[in-house]
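Before any comments, here is the structure.
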Amino acid sequence: MRNRGRWVLAALVVSLMLAGATAAGGQVATGPPTAVGSGGAVATIDRLATEAATAVLRRGGNAVDAAVTAAAVLGVVEPFSCGPGGGGFMVIRRAGDGRVTTIDHRETAPAAMRPDSFLESGQPLPFNDARFSGLSVGVPGTVAGWAEALESYGTMSLAQVLEPAIRIATGGFVIDQVFFDQIRQNLDYFDDLPATARLFLDPDGTPRDVGTVFRNPELARTYTLIARLGPAGFYRVIAPFIVDAVRRPLVFPSANHRWRPGVMTLADLARYVAPERAPTHVTYRGLDVYGMGPPSSGGSTVGEALNILEGYDLAALSTEEVWHLMLEASRYAFADRNAYIADPAFFPVPLRGLLSDGFAAQRRSLITDRAAPSPVPPGNPYPFEGSGSAPGQAADAATRSGSTTHISVTDGAGNAVSYTFTIESLGGNGMVVPGFGFLLNNELTDFTFTSTTDPNRVEGGKRPRSSMAPTIVLRDGAPLLVVGSPGGSMIITTVLQILVDRLDRGTPLPAAIAAPRASQRNTPATVAEPAFLLTPEAEALRRRGHVFTTTPEIGAANGIELLGGGRVLAAAEPVRRGGGSAMVESPGS
Ligand code: GLU
């Protein structure tokens with residue numbers, strides 16, 4: 001269980017903490033990643049976040065209130081994955097009219113960014129040089145997204161939903177091994193910067209010790225400003241400090257890296273908006289699957305792969321056959337994603353064509369009983385758009401895995417929220433905004449910054465392509481499943497695998513979330529977890545020509561299933577990233 005020992009600290013409960021109890025609820029700090037009951041439900045990677053959101057539901061808040069509450073707490077306890085310095089995508093199903101909508105609060109490139117901003121002497125910067133710089137920072141969208149979600153679909157104020165996070169940031173929580181390791185992973189860069197070192201390192205320059213209390217009063221101050229002033233607290237009051245951090249990176253004289261300055265301005269922050277967008281939609285086995293549209297490739301790529309797979313009776317096939325088809329479907333869907341998905345304000349994304357049954361049939365017809373050698377070329381979705389324009393140029397499939405976190409929430413009224421948000425790499429761009437206690441994102445490295453012609457090239461005012469895939473599945477108009485995951489571009493294959501496991505193979509949601517994973521993204525080798533490579537299917541897939549490389553973990557998903565009859569199941573990742581936390585409003589089997 002991931003809570004990582006994050007008990008809220010109050011001096012009077014230190015003894016309780018030592019006895020393994022929380023300050024807030026008197027519950028032990030570990031618990032099952034699965035919960036069943038009735039009313040609302042919450043699943044996140046962290047117990048404090050899940051607890052805070054569940055408490056909001058019990059007080060009568062709706063799923064949007066609870067999701068923002070959890071997100072704010074995650075900004076405190078998962079500072080290397082998410083926070084006010086980043087951005088995200090929220091998919092919301094409204095109880096009232098049953099409508100599904102999305103709030104795009106993706107980070108945005110400052111106006112002065114250019115297609116060659118990450119090139120030096122005509123050559124793209126190495127990834128780490130691009131990442132650990134002011135150049136990689138997109139204008140953060142998180143605070144605007146929270147405000148937009150609450151104002152349009154919540155019932156509580158920012159001040160109300162930020163209160164638990166402010167309390168935890170002030171009181172502190174106990175550092176566990178995962179937190180320590182996440183600092184250690186970034187140590188070589190974190191120790192270049194006074195503000196980052198002060199927050200995350202001990203005076204001797206090593207990561208804050210496991211078992212000690214981590215407090216972040218400066219982040220509490222950031223949240224308090226936002227609670228009092230709304231988004232202006234961030235986009236006006238904190239903005240000059242963000243601009244300063246980005247444009248004039250403050251480094252120790254002893255720094256062993258060059259931190260290139262960025263070009264963000266106050267105007268970039270002042271003009272940030274979090275637009276509401278239509279979700280992507282496909283039908284699958286009679287269900288309605290809603291996801292996040294461009295600038296995320298999540299909804300379109302999961303949707304295209306499902307459309308391809310719908311042509312097979314997966315329930316009647318062997319596990320190995322299902323795997324083969326799933327890997328091939330995602331191979332072709334990724335070829336199309338890489339060619340056609342970018343910020344729709346800058347590139348005419350052929351979304352209708354990509355999600356059409358006709359295009360899926362064309363892509364399906366390429367699948368044989370052997371693994372196709374990758375990269376496969378993109379298809380041509382334009383005829384299915386009613387347009388004859390030529391396909392765009394294919395980009396490299398992203399293979400990096402970063403940070404990010406996902407929140408699933410439902411309430412008793414029928415609202416549902418699927419929310420993924422991030423600061424991109426684990427630790428973002430490494431810069432803590434001095435005095436404000438949060439890390440900045442490096443989201444602009446999600447642009448195809450190695451190319452000046454790719455649809456996903458860097459441009460001022462543009463949002464980089466994402467893979468985040470917050471998903472909501474409806475049956476007969478009512479919520480059935482909420483699911484999502486972190487994991488870079490492996491988010492897409494993780495969500496696809498869970499949906500196929502649950503919907504076609506009847507695997508219970510907790511087992512689908514826990515299952516060993518493999519991820520094919522139009523690269524010659526499929527990336528797989530060690531446990532997957534030990535399965536008999538892996539061997540059989542090799543005989544069909546699939547080639548595997550391995551990575552320790554793929555994704556760390558969570559989800560909620562409405563079981564019918566008023567019952568609800570919340571399921572968090574049990575092991576990966578230390579495991580997550582699931583709760584329901586009214587427990588009971
Ligand atoms: N920045 C990535 C995206 O938007 C998410 C980062 C991750 O999950 O590793 O797709």
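Ligands are numbered from 1 in the order shown, residues from 1 within each chain, and chains are lettered A, B, ... in the order they appear in the structure tokens.
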Give me the chain A side of the contact with ligand 1, cut-off 8 Å, one line per residue showing its nearest atom pair and distance in Å at one decimal, counting only C-alpha atoms and all ligand atoms, sorted by chain and residue number, as JSON lines.
```
{"residue": "A:Gly88", "atom": "CA", "partner": "ligand 1", "partner_atom_place_in_ligand_line": "4 (O)", "distance": 7.5}
{"residue": "A:Ser296", "atom": "CA", "partner": "ligand 1", "partner_atom_place_in_ligand_line": "4 (O)", "distance": 7.1}
{"residue": "A:Arg400", "atom": "CA", "partner": "ligand 1", "partner_atom_place_in_ligand_line": "9 (O)", "distance": 7.1}
{"residue": "A:Ser401", "atom": "CA", "partner": "ligand 1", "partner_atom_place_in_ligand_line": "9 (O)", "distance": 4.5}
{"residue": "A:Gly402", "atom": "CA", "partner": "ligand 1", "partner_atom_place_in_ligand_line": "9 (O)", "distance": 3.1}
{"residue": "A:Ser403", "atom": "CA", "partner": "ligand 1", "partner_atom_place_in_ligand_line": "9 (O)", "distance": 4.4}
{"residue": "A:Thr404", "atom": "CA", "partner": "ligand 1", "partner_atom_place_in_ligand_line": "8 (O)", "distance": 4.5}
{"residue": "A:Thr405", "atom": "CA", "partner": "ligand 1", "partner_atom_place_in_ligand_line": "8 (O)", "distance": 7.2}
{"residue": "A:Phe421", "atom": "CA", "partner": "ligand 1", "partner_atom_place_in_ligand_line": "5 (C)", "distance": 7.7}
{"residue": "A:Thr422", "atom": "CA", "partner": "ligand 1", "partner_atom_place_in_ligand_line": "5 (C)", "distance": 6.1}
{"residue": "A:Ile423", "atom": "CA", "partner": "ligand 1", "partner_atom_place_in_ligand_line": "1 (N)", "distance": 6.8}
{"residue": "A:Glu424", "atom": "CA", "partner": "ligand 1", "partner_atom_place_in_ligand_line": "1 (N)", "distance": 3.8}
{"residue": "A:Ser425", "atom": "CA", "partner": "ligand 1", "partner_atom_place_in_ligand_line": "9 (O)", "distance": 5.9}
{"residue": "A:Leu426", "atom": "CA", "partner": "ligand 1", "partner_atom_place_in_ligand_line": "9 (O)", "distance": 7.5}
{"residue": "A:Glu443", "atom": "CA", "partner": "ligand 1", "partner_atom_place_in_ligand_line": "1 (N)", "distance": 5.7}
{"residue": "A:Asp446", "atom": "CA", "partner": "ligand 1", "partner_atom_place_in_ligand_line": "1 (N)", "distance": 6.0}
{"residue": "A:Pro464", "atom": "CA", "partner": "ligand 1", "partner_atom_place_in_ligand_line": "4 (O)", "distance": 7.8}
{"residue": "A:Arg465", "atom": "CA", "partner": "ligand 1", "partner_atom_place_in_ligand_line": "4 (O)", "distance": 6.7}
{"residue": "A:Ser466", "atom": "CA", "partner": "ligand 1", "partner_atom_place_in_ligand_line": "4 (O)", "distance": 3.6}
{"residue": "A:Ser467", "atom": "CA", "partner": "ligand 1", "partner_atom_place_in_ligand_line": "10 (O)", "distance": 3.5}
{"residue": "A:Met468", "atom": "CA", "partner": "ligand 1", "partner_atom_place_in_ligand_line": "10 (O)", "distance": 4.8}
{"residue": "A:Ser485", "atom": "CA", "partner": "ligand 1", "partner_atom_place_in_ligand_line": "8 (O)", "distance": 7.7}
{"residue": "A:Pro486", "atom": "CA", "partner": "ligand 1", "partner_atom_place_in_ligand_line": "8 (O)", "distance": 4.2}
{"residue": "A:Gly487", "atom": "CA", "partner": "ligand 1", "partner_atom_place_in_ligand_line": "8 (O)", "distance": 3.9}
{"residue": "A:Gly488", "atom": "CA", "partner": "ligand 1", "partner_atom_place_in_ligand_line": "9 (O)", "distance": 3.2}
{"residue": "A:Ser489", "atom": "CA", "partner": "ligand 1", "partner_atom_place_in_ligand_line": "10 (O)", "distance": 5.8}
{"residue": "A:Met490", "atom": "CA", "partner": "ligand 1", "partner_atom_place_in_ligand_line": "8 (O)", "distance": 7.8}
{"residue": "A:Ile491", "atom": "CA", "partner": "ligand 1", "partner_atom_place_in_ligand_line": "8 (O)", "distance": 6.6}
{"residue": "A:Gly555", "atom": "CA", "partner": "ligand 1", "partner_atom_place_in_ligand_line": "8 (O)", "distance": 8.0}
```
According to DSSP computed on the backbone, where in stretch 12-176 of chain A is there strand (DSSP E or B)? Give the residues as a PyMOL selection string. chain A and resi 21+28+34-44+87-93+100-105+108+119-120+123-124+139+173-174
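Restricting the calculation to only C-alpha atoms, the smallest distance between A:Leu314 and any of A:Ala49, A:Val527, A:Leu503, A:Leu366 is found for A:Leu503.
Taking only C-alpha atoms into account, A:Ala518 lies nearest to A:His324 out of the set A:Arg363, A:Arg59, A:Arg370, A:His324.
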Just list as a PyMOL selection string whatever in stretch 375-476 of chain A DSSP marks as helix (DSSP H, G or I). chain A and resi 382-384+443-446
Could you name the residues that touch A:Val568 at 9 Å or less, counting only C-alpha atoms, but leaving out those on the same chain fewer than 2 positions away, as a list in words? Ala35, Val36, Gly37, Ser38, Gly39, Gly40, Ala41, Thr410, Ile560, Glu561, Leu562, Leu563, Gly564, Gly565, Gly566, Ala570 and Val584 of chain A
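When only C-alpha atoms are used to compute distances to A:Ile513, the closest of the residues A:Ala557, A:Leu474, A:Ala413, A:Leu219 turns out to be A:Ala557.
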Long-range neighbours of stretch 348-351 of chain A as a list in words, 9 Å cut-off, only C-alpha atoms, 5 positions minimum in chain: Thr280, Gly293, Pro294, Ser300, Tyr340, Ile341, Ala342, Asp343, Ser356, Pro381, Tyr382, Phe384, Glu385 and Ser387 of chain A
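Using only C-alpha atoms, the nearest neighbour of A:Leu541 within the list A:Thr54, A:Thr420, A:Ala514, A:Leu325 is A:Leu325.
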Got a sec: who's within 10 Å of A:Arg236, counting only C-alpha atoms, leaving out chain neighbours fewer than 5 positions off, as a PDB file with C-alpha atoms, in the first residue's frame?
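The file below, out-v8.pdb, is the result:
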```
ATOM      1  CA  LEU A 229      -7.597  34.619  -4.601  1.00  0.00           C
ATOM      2  CA  PRO A 231      -6.593  31.223 -10.128  1.00  0.00           C
ATOM      3  CA  PHE A 241       8.258  34.080  -9.428  1.00  0.00           C
ATOM      4  CA  LEU A 266       3.904  37.120 -17.437  1.00  0.00           C
ATOM      5  CA  ALA A 267       1.607  37.468 -20.444  1.00  0.00           C
ATOM      6  CA  LEU A 269       0.667  32.991 -17.636  1.00  0.00           C
ATOM      7  CA  ALA A 270      -2.016  35.674 -17.684  1.00  0.00           C
TER       8      ALA A 270
END
```
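Atom to atom, atom CA of A:Gly545 and atom CA of A:Leu496 stand 21.6 Å apart.
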